[in-house]
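Asker: Structure below; questions to follow.
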Amino acid sequence: MDSSDDEVPELVPAIFRPVPVTIITGYLGAGKTTLLNYILTEQHEKKIAVILNEFGEGSALERSVAVGQGGNLYEEWLELRNGCLCCSVKDNGVKAIENLMTKRGKFDYILLETTGLADPGPIASIFWLDKDLGSDIFLDGIVTVVDSKHGLKQLGTKSQLEMPSEDGKGSLNEAVRQIALADMIIVNKVDLVDNEHLAELKNEIRGINGAAELVETTLCRVDLDLILDQQAYTGTQQHHRLQKLMEDVEAHRNIEHIDKAVMTVTLNVPRAVTRPALDLFVQKLLWESESVNSSGPPLSIIRLKGIVSLRHEDRPIMLQAVYDTYDVEPILADVWDSPSCRFIFIGRGLRKQILEDLFIRCANHGDSSS
């Protein structure tokens, strides 16, 4: 039967792709709100939803969109002329993002600001592993803003909140945590310091986290392509990126810095392992760390990245860990020419030889039990 003009046309369902979330963190006064104000006011032809934390540094723009009352979560969104959406929240932003997803199609990215004294690790874990949010959003990366003028002092000061470390082995400076967890570091206010001071600060940052990209800015004016679409937690082309990061870490390996307990260590073992052996290695690192180096300083992982060749598998997998939470996913990219396992560790009490010995023991155990 021929179709008629009076027939109701079939509705084609809209297909939405998961939206990347970038966490913006940094110590008080570093310039997080300056960065977000720049994004919200400049013409950049990008559709970005920005969530400002109401306990942050404060600004006229932030106050102008604070539409909640009586301590309730801010749930209204202000659409700006440059295509951005803006909201101010009083929690970690999860509820705000759930509400924001009702406006899908109006934005391509989400930027979430944390407070200046916040640890971005737990927040990152929520967006990274929350299955309810996973179909709508995914964690793209963590951007940390550092104050060039006061950064060295902040990294060397005692913890403002006396916040215990995740392993219970003493407090850890919030500024150090924020740098250790970063995938991109913006060194801001470079116009306020001389070259010698800036070089010292950058060396200190590299000593803590040699695996993050680093960019210098004035007034946080940065190319947005550098902080968006990082794909720091997904497997696309991560094996190429990880190799470059490992080379950068090794280039800064001998740098002296203030908090010598927190550092970056790389490990490259030219062999494949079984999946049970990899799980055993990670579990001992994250959950049984007190037994890893019983005769030396306690070991604690803040951030871990790895690309691992598995036995009997054609493609490597990507390993990610934040504190005591880890996950793996297959890499849908080129196959390595030869099997190998490559890791970047950021944490406390790290010793390369101890990490390598532990990995070899776990790998051998996996071989004997397979």
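By order in the structure tokens, chains are A, B, ...; within a chain, residues start at 1; ligands start at 1, following the order shown.
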Would you pick out the contacts of segment 185-188 of chain A at 12 Å or less, using only C-alpha atoms, so that residues sharing its chain but fewer than 3 positions from it are not included, and give the list as an MDAnalysis selection string?
Answerer: chainID A and resid 23:27 29:32 34:35 141:152 175 178:182 191:193 198:199 201:206 208:224 226:227
Asker: Within 9 Å of Ala277 of chain A, counting only C-alpha atoms, which residues qualify if same-chain residues fewer than 6 places away don't, as a PDB file with C-alpha atoms, in the first residue's frame?
Answerer:
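Result went into around_10.pdb, see below:
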ATOM      1  CA  PHE A 359      55.525  -6.880  39.717  1.00  0.00           C
ATOM      2  CA  ARG A 361      56.790 -11.791  41.789  1.00  0.00           C
ATOM      3  CA  CYS A 362      53.125 -11.321  40.890  1.00  0.00           C
ATOM      4  CA  ALA A 363      53.797 -12.077  37.211  1.00  0.00           C
ATOM      5  CA  ASN A 364      55.711 -15.251  38.066  1.00  0.00           C
ATOM      6  CA  HIS A 365      52.950 -16.308  40.438  1.00  0.00           C
ATOM      7  CA  GLY A 366      50.472 -15.865  37.613  1.00  0.00           C
ATOM      8  CA  ASP A 367      52.645 -17.960  35.285  1.00  0.00           C
TER       9      ASP A 367
END
Asker: Based on the backbone DSSP call, show me all residues of segment 190-354 of chain A assigned strand (DSSP E), as a PyMOL selection string.
Answerer: chain A and resi 213-216+262-269+300-308+317-322+325-330+341-348
Asker: Applying 10 Å and only C-alpha atoms, which residues near Val265 of chain A remain after dropping the ones on its own chain fewer than 2 positions away? List them as a list in words.
Answerer: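 Final neighbour list, sorted by chain and number: Gly207, Ile208, Asn209, Gly210, Ala211, Met246, Val249, Glu250, Arg253, Val262, Met263, Leu267, Leu304, Phe343, Ile344, Phe345, Ile346, Gly347, Leu350, Arg351, Lys352 and Leu355 of chain A.
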Asker: Could the residues in this selection be written to a file with N, CA and C atoms, as a compact mmCIF listing (two decimals), in the first residue's frame?
Answerer:
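In the end it all went to out33.txt:
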# COMPACT_ATOMS: atom_id res chain seq x y z
N GLY A 207 58.71 17.40 40.04
CA GLY A 207 59.17 16.42 41.01
C GLY A 207 58.02 15.63 41.61
N ILE A 208 56.88 16.28 41.77
CA ILE A 208 55.70 15.61 42.33
C ILE A 208 54.97 14.82 41.25
N ASN A 209 54.68 15.47 40.14
CA ASN A 209 53.92 14.84 39.06
C ASN A 209 54.61 15.14 37.74
N GLY A 210 55.39 14.21 37.29
CA GLY A 210 56.09 14.38 36.02
C GLY A 210 55.28 13.89 34.84
N ALA A 211 54.07 13.38 35.09
CA ALA A 211 53.27 12.78 34.02
C ALA A 211 52.19 13.71 33.48
N MET A 246 56.17 8.82 30.00
CA MET A 246 57.25 8.13 30.69
C MET A 246 58.60 8.76 30.37
N VAL A 249 58.84 11.90 32.41
CA VAL A 249 59.12 11.60 33.82
C VAL A 249 60.60 11.31 34.02
N GLU A 250 61.16 10.49 33.14
CA GLU A 250 62.57 10.13 33.28
C GLU A 250 63.47 11.35 33.09
N ARG A 253 63.72 13.02 36.45
CA ARG A 253 63.80 12.05 37.55
C ARG A 253 64.69 12.52 38.68
N VAL A 262 56.47 12.60 48.02
CA VAL A 262 55.56 12.44 46.89
C VAL A 262 56.36 12.58 45.60
N MET A 263 56.28 11.60 44.74
CA MET A 263 57.09 11.60 43.53
C MET A 263 56.41 10.79 42.44
N LEU A 267 57.79 2.46 35.28
CA LEU A 267 58.22 1.07 35.24
C LEU A 267 57.87 0.50 33.88
N LEU A 304 47.78 6.16 39.41
CA LEU A 304 48.48 5.12 38.66
C LEU A 304 47.89 5.03 37.27
N PHE A 343 54.04 1.40 33.30
CA PHE A 343 53.29 2.02 34.39
C PHE A 343 53.89 3.38 34.73
N ILE A 344 53.02 4.30 35.16
CA ILE A 344 53.44 5.54 35.80
C ILE A 344 52.77 5.59 37.16
N PHE A 345 53.58 5.65 38.22
CA PHE A 345 53.09 5.71 39.59
C PHE A 345 53.32 7.12 40.15
N ILE A 346 52.31 7.68 40.81
CA ILE A 346 52.47 8.93 41.56
C ILE A 346 52.01 8.65 42.98
N GLY A 347 52.88 8.90 43.95
CA GLY A 347 52.51 8.60 45.32
C GLY A 347 53.62 8.85 46.30
N LEU A 350 57.59 5.76 47.10
CA LEU A 350 57.79 4.92 45.92
C LEU A 350 59.28 4.64 45.70
N ARG A 351 59.61 3.38 45.47
CA ARG A 351 60.97 2.96 45.12
C ARG A 351 60.86 2.06 43.89
N LYS A 352 61.55 2.44 42.83
CA LYS A 352 61.40 1.74 41.55
C LYS A 352 61.75 0.27 41.66
N LEU A 355 58.99 -1.68 43.39
CA LEU A 355 57.83 -1.84 42.52
C LEU A 355 58.09 -2.90 41.46
Asker: Separation of atom CA of Ser309 of chain A and atom CA of Arg271 of chain A, in Å?
Answerer: 7.3 Å
Asker: Can you pull out every residue from segment 179-361 of chain A that DSSP, working from the backbone, puts in helix (DSSP H, G or I), and format the result as an NGL selection string?
Answerer: :A and (179-180 or 190-192 or 195-208 or 224-226 or 238-251 or 275-287 or 289-291 or 352-361)
Asker: Which distance in Å separates atom CA of Glu200 of chain A and atom CA of Asp183 of chain A, to one decimal?
Answerer: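 So the answer is 20.3 Å.
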Asker: Please provide the set of residues having any atom within 8 Å of Ser300 of chain A, restricted to only C-alpha atoms, with same-chain residues fewer than 6 positions apart removed, written as a list in words.
Answerer: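 Returned residues: Asp167, Leu285, Leu286, Ser289, Tyr323, Gly347, Arg348, Gly349 and Leu350 of chain A.
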Asker: Keeping N, CA and C atoms for every residue in the selection just given, could you write it to a file as a JSON list (two decimals), in the first residue's frame?
Answerer:
[["chain", "number", "residue", "atom", "x", "y", "z"],
["A", 167, "ASP", "N", 45.80, 6.44, 53.04],
["A", 167, "ASP", "CA", 46.32, 5.24, 53.64],
["A", 167, "ASP", "C", 46.41, 5.35, 55.16],
["A", 285, "LEU", "N", 49.41, -3.30, 45.74],
["A", 285, "LEU", "CA", 49.80, -1.89, 45.76],
["A", 285, "LEU", "C", 48.77, -1.02, 46.47],
["A", 286, "LEU", "N", 47.49, -1.24, 46.17],
["A", 286, "LEU", "CA", 46.44, -0.34, 46.63],
["A", 286, "LEU", "C", 45.86, -0.75, 47.98],
["A", 289, "SER", "N", 49.41, -2.26, 50.86],
["A", 289, "SER", "CA", 50.67, -1.53, 50.66],
["A", 289, "SER", "C", 51.62, -1.65, 51.83],
["A", 323, "TYR", "N", 43.87, 6.57, 44.25],
["A", 323, "TYR", "CA", 43.88, 6.05, 45.62],
["A", 323, "TYR", "C", 43.65, 4.54, 45.59],
["A", 347, "GLY", "N", 52.88, 8.90, 43.95],
["A", 347, "GLY", "CA", 52.51, 8.60, 45.32],
["A", 347, "GLY", "C", 53.62, 8.85, 46.30],
["A", 348, "ARG", "N", 53.49, 8.23, 47.47],
["A", 348, "ARG", "CA", 54.44, 8.42, 48.56],
["A", 348, "ARG", "C", 55.23, 7.13, 48.78],
["A", 349, "GLY", "N", 56.49, 7.31, 49.16],
["A", 349, "GLY", "CA", 57.33, 6.17, 49.49],
["A", 349, "GLY", "C", 57.60, 5.25, 48.32],
["A", 350, "LEU", "N", 57.59, 5.76, 47.10],
["A", 350, "LEU", "CA", 57.79, 4.92, 45.92],
["A", 350, "LEU", "C", 59.28, 4.64, 45.70]]
Asker: Just how far from atom CA of Asp324 of chain A is atom CA of Asp229 of chain A, in Å to one decimal?
Answerer: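 Distance reported for this atom pair: 25.5 Å.
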Asker: Between A:Glu313, A:Leu139, A:Glu113, A:Val50, which residue has the minimum interatomic distance to Pro20 of chain A, considering only C-alpha atoms?
Answerer: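 Closest to Pro20 of chain A of all the choices is A:Leu139.
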